[in-house]
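Visitor: Quick one: this structure, given as structure tokens, is what I'll be asking you about.
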Amino acid sequence: MKIILAGIEYVGTTTLSNLLREWKKDVMGDPFYLDISHDHFKIPHTSGHPDNTTLEEQDQILALSPKLKEMYHRYAIYYHVRHYMQDDDLTIGLHIEESILARKYYGYGLDGTEFDRKNRVFNEVESHIKKMTDDPIIIVHMVANEDVIKERMLKLSETLDHSNSPMKIGDIKFILEEYEEWISMSSIGPVIKIDTSFDSPTGTLEKLITKLEPHYTKRDTERIRNHQINK
């Protein structure tokens, strides 16, 4: 099972990824690759191995030139493409999220530039993924209405998890539309849309699990059956 969780900040990608990790171990007996969610593509706040970026490290990333920011994140994306050789992977954002943030806030990946995200890098990343695996990469497009994102932003923007976020309240509508556009461009697998506006995190997980079932690989089905027998 290979999943990319994609959606605007404050939509709940990190919360859902943590729930998915535990659900998968309980149902299949196997964790996602490395038993983590690869949450490395929110510039400059990245989470996961070896640990979350500190505020000092975030300042160092923000001080990089657009050229160096572009290199740093392109290399990180290409490194993570190799994970799709594994049976499982859980990643947040990947090339979708990085492209949106880069072009809106950080001055790179723009149309006509050498590493244009829309007309070059996005397609190259997906081409490389397809060479790594025949499995579908399930994109879970997480959405919430604009007012809900605004409310969460006002409540949570000062927390460490959202430190140095470039997004402003006036950007919410634009960013929501960007996710719609970029996800529609993808060709690596099915898209499942999940609205987190009103459901609890566990309610969102339950809805997602139901929508995931038709996309289980043969290997997924075998592991679920064997694990449930041996429980």
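Residue names in the structure tokens use chain letters A, B, ... in the order shown, residue numbers from 1 in each chain, and ligand numbers from 1 in the order shown.
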List the neighbours of segment 137-151 of chain A out to 7 Å using only C-alpha atoms; skip same-chain residues closer than 6 positions along the sequence, and give me the result as a list in words.
Guide: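 My reading of the contact set: Lys2, Ile3, Ile4, Leu5, Ala6, Gly7, Tyr10, Val11, Ile169, Ile172, Lys173, Ile188, Gly189, Pro190, Val191, Ile192, Lys193, Ile194, Asp195, Thr196 and Ser197 of chain A.
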Visitor: Next, write the just-selected residues to a file, as a PDB file, in the first residue's frame, keeping N, CA and C atoms as the atom set.
Guide:
ATOM      1  N   LYS A   2       0.705   2.045  -1.016  1.00  0.00           N
ATOM      2  CA  LYS A   2       1.516   3.248  -1.151  1.00  0.00           C
ATOM      3  C   LYS A   2       0.580   4.445  -1.230  1.00  0.00           C
ATOM      4  N   ILE A   3       0.754   5.372  -0.283  1.00  0.00           N
ATOM      5  CA  ILE A   3      -0.188   6.484  -0.134  1.00  0.00           C
ATOM      6  C   ILE A   3       0.570   7.803  -0.061  1.00  0.00           C
ATOM      7  N   ILE A   4       0.056   8.807  -0.774  1.00  0.00           N
ATOM      8  CA  ILE A   4       0.481  10.195  -0.592  1.00  0.00           C
ATOM      9  C   ILE A   4      -0.713  10.961  -0.041  1.00  0.00           C
ATOM     10  N   LEU A   5      -0.544  11.556   1.128  1.00  0.00           N
ATOM     11  CA  LEU A   5      -1.558  12.444   1.695  1.00  0.00           C
ATOM     12  C   LEU A   5      -1.246  13.861   1.229  1.00  0.00           C
ATOM     13  N   ALA A   6      -2.196  14.498   0.571  1.00  0.00           N
ATOM     14  CA  ALA A   6      -1.943  15.821   0.011  1.00  0.00           C
ATOM     15  C   ALA A   6      -3.088  16.761   0.354  1.00  0.00           C
ATOM     16  N   GLY A   7      -2.746  17.920   0.881  1.00  0.00           N
ATOM     17  CA  GLY A   7      -3.771  18.900   1.202  1.00  0.00           C
ATOM     18  C   GLY A   7      -3.176  20.112   1.884  1.00  0.00           C
ATOM     19  N   TYR A  10      -3.146  22.697   7.770  1.00  0.00           N
ATOM     20  CA  TYR A  10      -4.275  22.735   8.711  1.00  0.00           C
ATOM     21  C   TYR A  10      -5.424  21.814   8.300  1.00  0.00           C
ATOM     22  N   VAL A  11      -5.248  21.056   7.237  1.00  0.00           N
ATOM     23  CA  VAL A  11      -6.319  20.141   6.839  1.00  0.00           C
ATOM     24  C   VAL A  11      -6.256  18.826   7.605  1.00  0.00           C
ATOM     25  N   ILE A 169      -3.938  34.133   5.777  1.00  0.00           N
ATOM     26  CA  ILE A 169      -5.366  33.853   5.652  1.00  0.00           C
ATOM     27  C   ILE A 169      -5.868  34.174   4.235  1.00  0.00           C
ATOM     28  N   ILE A 172      -5.674  31.289   1.518  1.00  0.00           N
ATOM     29  CA  ILE A 172      -6.319  29.982   1.677  1.00  0.00           C
ATOM     30  C   ILE A 172      -7.056  29.551   0.419  1.00  0.00           C
ATOM     31  N   LYS A 173      -7.867  30.424  -0.132  1.00  0.00           N
ATOM     32  CA  LYS A 173      -8.646  30.059  -1.315  1.00  0.00           C
ATOM     33  C   LYS A 173      -7.724  29.663  -2.469  1.00  0.00           C
ATOM     34  N   ILE A 188      -0.265   8.882 -11.357  1.00  0.00           N
ATOM     35  CA  ILE A 188       0.396   7.743 -10.722  1.00  0.00           C
ATOM     36  C   ILE A 188      -0.567   6.809 -10.004  1.00  0.00           C
ATOM     37  N   GLY A 189      -1.833   7.151  -9.953  1.00  0.00           N
ATOM     38  CA  GLY A 189      -2.777   6.257  -9.297  1.00  0.00           C
ATOM     39  C   GLY A 189      -4.094   6.940  -9.026  1.00  0.00           C
ATOM     40  N   PRO A 190      -4.981   6.238  -8.320  1.00  0.00           N
ATOM     41  CA  PRO A 190      -6.304   6.807  -8.032  1.00  0.00           C
ATOM     42  C   PRO A 190      -6.218   7.945  -7.022  1.00  0.00           C
ATOM     43  N   VAL A 191      -7.205   8.821  -7.075  1.00  0.00           N
ATOM     44  CA  VAL A 191      -7.332   9.914  -6.110  1.00  0.00           C
ATOM     45  C   VAL A 191      -8.569   9.678  -5.264  1.00  0.00           C
ATOM     46  N   ILE A 192      -8.379   9.743  -3.969  1.00  0.00           N
ATOM     47  CA  ILE A 192      -9.487   9.646  -3.016  1.00  0.00           C
ATOM     48  C   ILE A 192      -9.612  10.996  -2.326  1.00  0.00           C
ATOM     49  N   LYS A 193     -10.775  11.592  -2.374  1.00  0.00           N
ATOM     50  CA  LYS A 193     -10.972  12.889  -1.725  1.00  0.00           C
ATOM     51  C   LYS A 193     -11.665  12.690  -0.385  1.00  0.00           C
ATOM     52  N   ILE A 194     -11.102  13.314   0.641  1.00  0.00           N
ATOM     53  CA  ILE A 194     -11.633  13.209   2.004  1.00  0.00           C
ATOM     54  C   ILE A 194     -11.801  14.616   2.567  1.00  0.00           C
ATOM     55  N   ASP A 195     -13.000  14.944   3.020  1.00  0.00           N
ATOM     56  CA  ASP A 195     -13.279  16.250   3.603  1.00  0.00           C
ATOM     57  C   ASP A 195     -13.163  16.153   5.123  1.00  0.00           C
ATOM     58  N   THR A 196     -12.292  16.973   5.705  1.00  0.00           N
ATOM     59  CA  THR A 196     -12.057  16.934   7.156  1.00  0.00           C
ATOM     60  C   THR A 196     -12.743  18.088   7.886  1.00  0.00           C
ATOM     61  N   SER A 197     -13.673  18.751   7.215  1.00  0.00           N
ATOM     62  CA  SER A 197     -14.271  19.960   7.798  1.00  0.00           C
ATOM     63  C   SER A 197     -14.986  19.676   9.116  1.00  0.00           C
TER      64      SER A 197
END
Visitor: Taking 5 positions as the minimum chain separation for residues in the same chain, which residues sit within 9 Å of segment 24-39 of chain A when counting only C-alpha atoms? Answer as a PDB file with N, CA and C atoms, in the first residue's frame.
Guide:
ATOM      1  N   MET A   1       0.850  -1.194   0.000  1.00  0.00           N
ATOM      2  CA  MET A   1       0.000   0.000   0.000  1.00  0.00           C
ATOM      3  C   MET A   1       0.880   1.236   0.000  1.00  0.00           C
ATOM      4  N   LYS A   2       0.705   2.045  -1.016  1.00  0.00           N
ATOM      5  CA  LYS A   2       1.516   3.248  -1.151  1.00  0.00           C
ATOM      6  C   LYS A   2       0.580   4.445  -1.230  1.00  0.00           C
ATOM      7  N   THR A  14      -0.969  15.470   8.926  1.00  0.00           N
ATOM      8  CA  THR A  14      -0.106  14.841   9.934  1.00  0.00           C
ATOM      9  C   THR A  14      -0.920  13.985  10.892  1.00  0.00           C
ATOM     10  N   SER A  17      -2.021  10.853   9.094  1.00  0.00           N
ATOM     11  CA  SER A  17      -0.904   9.939   8.831  1.00  0.00           C
ATOM     12  C   SER A  17      -0.570   9.123  10.075  1.00  0.00           C
ATOM     13  N   ASN A  18      -0.620   9.748  11.239  1.00  0.00           N
ATOM     14  CA  ASN A  18      -0.338   9.022  12.479  1.00  0.00           C
ATOM     15  C   ASN A  18      -1.379   7.938  12.741  1.00  0.00           C
ATOM     16  N   LEU A  19      -2.641   8.246  12.467  1.00  0.00           N
ATOM     17  CA  LEU A  19      -3.700   7.253  12.630  1.00  0.00           C
ATOM     18  C   LEU A  19      -3.563   6.116  11.622  1.00  0.00           C
ATOM     19  N   HIS A  45       9.411  23.723   7.424  1.00  0.00           N
ATOM     20  CA  HIS A  45       9.148  22.817   8.535  1.00  0.00           C
ATOM     21  C   HIS A  45       9.062  21.385   8.024  1.00  0.00           C
ATOM     22  N   THR A  46      10.028  20.570   8.378  1.00  0.00           N
ATOM     23  CA  THR A  46       9.996  19.171   7.983  1.00  0.00           C
ATOM     24  C   THR A  46       9.990  18.292   9.224  1.00  0.00           C
ATOM     25  N   SER A  47       9.321  17.155   9.098  1.00  0.00           N
ATOM     26  CA  SER A  47       9.178  16.234  10.226  1.00  0.00           C
ATOM     27  C   SER A  47       9.680  14.855   9.826  1.00  0.00           C
ATOM     28  N   GLY A  48      10.094  14.096  10.822  1.00  0.00           N
ATOM     29  CA  GLY A  48      10.544  12.740  10.557  1.00  0.00           C
ATOM     30  C   GLY A  48      12.039  12.617  10.726  1.00  0.00           C
ATOM     31  N   HIS A  49      12.544  11.485  10.235  1.00  0.00           N
ATOM     32  CA  HIS A  49      13.941  11.156  10.491  1.00  0.00           C
ATOM     33  C   HIS A  49      14.885  12.226   9.957  1.00  0.00           C
ATOM     34  N   HIS A  80      13.350  10.270  -2.177  1.00  0.00           N
ATOM     35  CA  HIS A  80      12.191   9.543  -1.661  1.00  0.00           C
ATOM     36  C   HIS A  80      11.478   8.716  -2.720  1.00  0.00           C
ATOM     37  N   HIS A  83      11.694   4.910  -2.448  1.00  0.00           N
ATOM     38  CA  HIS A  83      10.880   4.188  -1.476  1.00  0.00           C
ATOM     39  C   HIS A  83       9.779   3.375  -2.140  1.00  0.00           C
ATOM     40  N   GLN A  86       9.528  -0.448  -2.280  1.00  0.00           N
ATOM     41  CA  GLN A  86       9.048  -1.215  -1.141  1.00  0.00           C
ATOM     42  C   GLN A  86       7.576  -1.593  -1.339  1.00  0.00           C
ATOM     43  N   ASP A  87       7.090  -2.507  -0.495  1.00  0.00           N
ATOM     44  CA  ASP A  87       5.675  -2.885  -0.549  1.00  0.00           C
ATOM     45  C   ASP A  87       4.772  -1.730  -0.125  1.00  0.00           C
ATOM     46  N   ASP A  88       5.294  -0.873   0.756  1.00  0.00           N
ATOM     47  CA  ASP A  88       4.454   0.152   1.375  1.00  0.00           C
ATOM     48  C   ASP A  88       5.198   1.468   1.473  1.00  0.00           C
ATOM     49  N   ASP A  89       4.437   2.543   1.463  1.00  0.00           N
ATOM     50  CA  ASP A  89       5.018   3.854   1.735  1.00  0.00           C
ATOM     51  C   ASP A  89       3.902   4.811   2.122  1.00  0.00           C
ATOM     52  N   LEU A  90       4.198   5.686   3.061  1.00  0.00           N
ATOM     53  CA  LEU A  90       3.268   6.738   3.458  1.00  0.00           C
ATOM     54  C   LEU A  90       4.032   8.056   3.461  1.00  0.00           C
ATOM     55  N   THR A  91       3.671   8.939   2.542  1.00  0.00           N
ATOM     56  CA  THR A  91       4.353  10.212   2.383  1.00  0.00           C
ATOM     57  C   THR A  91       3.331  11.337   2.388  1.00  0.00           C
ATOM     58  N   ILE A  92       3.717  12.466   2.957  1.00  0.00           N
ATOM     59  CA  ILE A  92       2.848  13.650   2.959  1.00  0.00           C
ATOM     60  C   ILE A  92       3.373  14.645   1.926  1.00  0.00           C
ATOM     61  N   GLY A  93       2.518  14.954   0.974  1.00  0.00           N
ATOM     62  CA  GLY A  93       2.802  16.049   0.045  1.00  0.00           C
ATOM     63  C   GLY A  93       3.645  15.716  -1.150  1.00  0.00           C
ATOM     64  N   LEU A  94       4.862  15.254  -0.915  1.00  0.00           N
ATOM     65  CA  LEU A  94       5.861  14.951  -1.935  1.00  0.00           C
ATOM     66  C   LEU A  94       5.939  16.058  -2.992  1.00  0.00           C
ATOM     67  N   ASP A 220      -1.454  -6.618  -0.342  1.00  0.00           N
ATOM     68  CA  ASP A 220      -2.205  -6.059   0.788  1.00  0.00           C
ATOM     69  C   ASP A 220      -3.243  -7.052   1.287  1.00  0.00           C
ATOM     70  N   THR A 221      -4.016  -7.601   0.361  1.00  0.00           N
ATOM     71  CA  THR A 221      -5.100  -8.527   0.719  1.00  0.00           C
ATOM     72  C   THR A 221      -4.560  -9.767   1.405  1.00  0.00           C
ATOM     73  N   GLU A 222      -3.455 -10.294   0.900  1.00  0.00           N
ATOM     74  CA  GLU A 222      -2.848 -11.477   1.516  1.00  0.00           C
ATOM     75  C   GLU A 222      -2.393 -11.190   2.934  1.00  0.00           C
ATOM     76  N   ARG A 223      -1.773 -10.045   3.136  1.00  0.00           N
ATOM     77  CA  ARG A 223      -1.267  -9.714   4.471  1.00  0.00           C
ATOM     78  C   ARG A 223      -2.406  -9.493   5.453  1.00  0.00           C
ATOM     79  N   ILE A 224      -3.456  -8.836   4.999  1.00  0.00           N
ATOM     80  CA  ILE A 224      -4.609  -8.626   5.884  1.00  0.00           C
ATOM     81  C   ILE A 224      -5.193  -9.977   6.309  1.00  0.00           C
ATOM     82  N   ARG A 225      -5.394 -10.862   5.337  1.00  0.00           N
ATOM     83  CA  ARG A 225      -5.978 -12.173   5.638  1.00  0.00           C
ATOM     84  C   ARG A 225      -5.082 -12.960   6.593  1.00  0.00           C
ATOM     85  N   ASN A 226      -3.794 -13.011   6.313  1.00  0.00           N
ATOM     86  CA  ASN A 226      -2.880 -13.798   7.144  1.00  0.00           C
ATOM     87  C   ASN A 226      -2.762 -13.221   8.547  1.00  0.00           C
ATOM     88  N   HIS A 227      -2.729 -11.889   8.641  1.00  0.00           N
ATOM     89  CA  HIS A 227      -2.584 -11.285   9.959  1.00  0.00           C
ATOM     90  C   HIS A 227      -3.821 -11.520  10.808  1.00  0.00           C
ATOM     91  N   GLN A 228      -4.993 -11.415  10.207  1.00  0.00           N
ATOM     92  CA  GLN A 228      -6.223 -11.621  10.970  1.00  0.00           C
ATOM     93  C   GLN A 228      -6.353 -13.078  11.427  1.00  0.00           C
TER      94      GLN A 228
END
Visitor: Name the closest residue to Tyr75 of chain A among the candidates A:Thr54, A:Lys104, A:Phe115, A:Phe174; distances are taken between atoms, counting only C-alpha atoms.
Guide: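 For Tyr75 of chain A, the nearest of the candidates is A:Phe115.
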Visitor: Find the spatial neighbours of Ile43 of chain A, counting only C-alpha atoms, within a cut-off of 9 Å - ignore same-chain residues fewer than 3 positions away - and output them as a list in words.
Guide: His40, Thr46, Gln58, Ile61, Leu62, Lys69, His73, Glu98, Leu101, Ala102, Tyr106, Asn164, Ser165 and Pro166 of chain A
Visitor: Could you save those same residues with C-alpha atoms as a PDB file, in the first residue's frame?
Guide:
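Written out: again-v1.pdb:
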ATOM      1  CA  HIS A  40       9.600  16.502   4.595  1.00  0.00           C
ATOM      2  CA  THR A  46       9.996  19.171   7.983  1.00  0.00           C
ATOM      3  CA  GLN A  58      14.272  26.510   9.758  1.00  0.00           C
ATOM      4  CA  ILE A  61      16.666  26.929   5.305  1.00  0.00           C
ATOM      5  CA  LEU A  62      14.784  30.199   4.851  1.00  0.00           C
ATOM      6  CA  LYS A  69      16.163  25.898  -1.789  1.00  0.00           C
ATOM      7  CA  HIS A  73      14.051  20.023  -2.072  1.00  0.00           C
ATOM      8  CA  GLU A  98       6.606  21.140  -2.652  1.00  0.00           C
ATOM      9  CA  LEU A 101       4.850  26.116  -1.876  1.00  0.00           C
ATOM     10  CA  ALA A 102       7.916  26.678  -4.059  1.00  0.00           C
ATOM     11  CA  TYR A 106       9.953  30.743  -2.464  1.00  0.00           C
ATOM     12  CA  ASN A 164       7.481  29.640   9.980  1.00  0.00           C
ATOM     13  CA  SER A 165       4.527  28.748   7.771  1.00  0.00           C
ATOM     14  CA  PRO A 166       4.366  31.271   4.901  1.00  0.00           C
TER      15      PRO A 166
END
Visitor: Could you tell me which of A:Thr13, A:Ser127, A:Ser99, A:Asn52 comes closest to Glu181 of chain A if we count only C-alpha atoms?
Guide: A:Ser99
Visitor: Pick out each residue of segment 9-223 of chain A that DSSP on the backbone tags as strand (DSSP E); I need them as a CSV table (one decimal) with N, CA and C atoms, in the first residue's frame.
Guide:
chain,number,residue,atom,x,y,z
A,89,ASP,N,4.4,2.5,1.5
A,89,ASP,CA,5.0,3.9,1.7
A,89,ASP,C,3.9,4.8,2.1
A,90,LEU,N,4.2,5.7,3.1
A,90,LEU,CA,3.3,6.7,3.5
A,90,LEU,C,4.0,8.1,3.5
A,91,THR,N,3.7,8.9,2.5
A,91,THR,CA,4.4,10.2,2.4
A,91,THR,C,3.3,11.3,2.4
A,92,ILE,N,3.7,12.5,3.0
A,92,ILE,CA,2.8,13.7,3.0
A,92,ILE,C,3.4,14.6,1.9
A,137,ILE,N,-0.2,4.4,-6.8
A,137,ILE,CA,0.1,5.3,-5.7
A,137,ILE,C,-1.2,6.0,-5.4
A,138,ILE,N,-1.8,5.8,-4.3
A,138,ILE,CA,-3.1,6.3,-3.9
A,138,ILE,C,-2.8,7.7,-3.4
A,139,ILE,N,-3.4,8.7,-4.0
A,139,ILE,CA,-3.3,10.1,-3.6
A,139,ILE,C,-4.6,10.4,-2.8
A,140,VAL,N,-4.4,10.6,-1.5
A,140,VAL,CA,-5.6,11.0,-0.7
A,140,VAL,C,-5.6,12.5,-0.6
A,141,HIS,N,-6.5,13.1,-1.3
A,141,HIS,CA,-6.7,14.6,-1.4
A,141,HIS,C,-7.5,15.0,-0.3
A,142,MET,N,-6.9,15.6,0.7
A,142,MET,CA,-7.6,16.0,1.9
A,142,MET,C,-8.0,17.5,1.8
A,143,VAL,N,-9.3,17.7,2.0
A,143,VAL,CA,-9.9,19.1,1.8
A,143,VAL,C,-10.7,19.5,3.1
A,191,VAL,N,-7.2,8.8,-7.1
A,191,VAL,CA,-7.3,9.9,-6.1
A,191,VAL,C,-8.6,9.7,-5.3
A,192,ILE,N,-8.4,9.7,-4.0
A,192,ILE,CA,-9.5,9.6,-3.0
A,192,ILE,C,-9.6,11.0,-2.3
A,193,LYS,N,-10.8,11.6,-2.4
A,193,LYS,CA,-11.0,12.9,-1.7
A,193,LYS,C,-11.7,12.7,-0.4
A,194,ILE,N,-11.1,13.3,0.6
A,194,ILE,CA,-11.6,13.2,2.0
A,194,ILE,C,-11.8,14.6,2.6
A,195,ASP,N,-13.0,14.9,3.0
A,195,ASP,CA,-13.3,16.2,3.6
A,195,ASP,C,-13.2,16.2,5.1
Visitor: As an MDAnalysis selection string, please: all residues of segment 38-214 of chain A that backbone DSSP puts in alpha helix (DSSP H).
Guide: chainID A and resid 55:62 66:81 94:101 122:132 146:156 172:185 201:212
Visitor: Measuring atom to atom with only C-alpha atoms, identify which of A:Leu154, A:Leu208, A:Met185, A:Leu16 is nearest to Met167 of chain A.
Guide: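 Between A:Leu154, A:Leu208, A:Met185, A:Leu16, the residue approaching Met167 of chain A most closely is A:Leu154.
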Visitor: One decimal, Å: what's the distance from atom CA of Tyr78 of chain A over to atom CA of Lys131 of chain A, could you say?
Guide: 12.8 Å
Visitor: Could you please determine the separation between atom CA of Leu205 of chain A and atom CA of Trp23 of chain A in Å, to one decimal place?
Guide: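 Distance between the two atoms: 8.9 Å.
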Visitor: When you draw a straight line from atom CA of Ser184 of chain A to atom CA of Arg103 of chain A, how long is it in Å?
Guide: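 Answer for the atom CA of Ser184 of chain A to atom CA of Arg103 of chain A separation: 17.3 Å.
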Visitor: Under the rule that only C-alpha atoms are counted, which of A:Glu158, A:Thr210, A:Glu97, A:Gly109 is the nearest residue to Met71 of chain A?
Guide: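 Residue with the minimum atom-to-atom distance to Met71 of chain A: A:Gly109.
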Visitor: Choose the residue, out of A:Ser65, A:Thr15, A:Thr53, A:Thr217, that has the smallest atom-to-atom separation from Thr204 of chain A; count only C-alpha atoms.
Guide: A:Thr15
Visitor: Of the candidates A:Ser200, A:Phe122, A:Asp134, A:His95, which shows the shortest atom-to-atom distance to Lys218 of chain A, using only C-alpha atoms?
Guide: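 Of A:Ser200, A:Phe122, A:Asp134, A:His95, the one nearest Lys218 of chain A, counting only C-alpha atoms, is A:Asp134.
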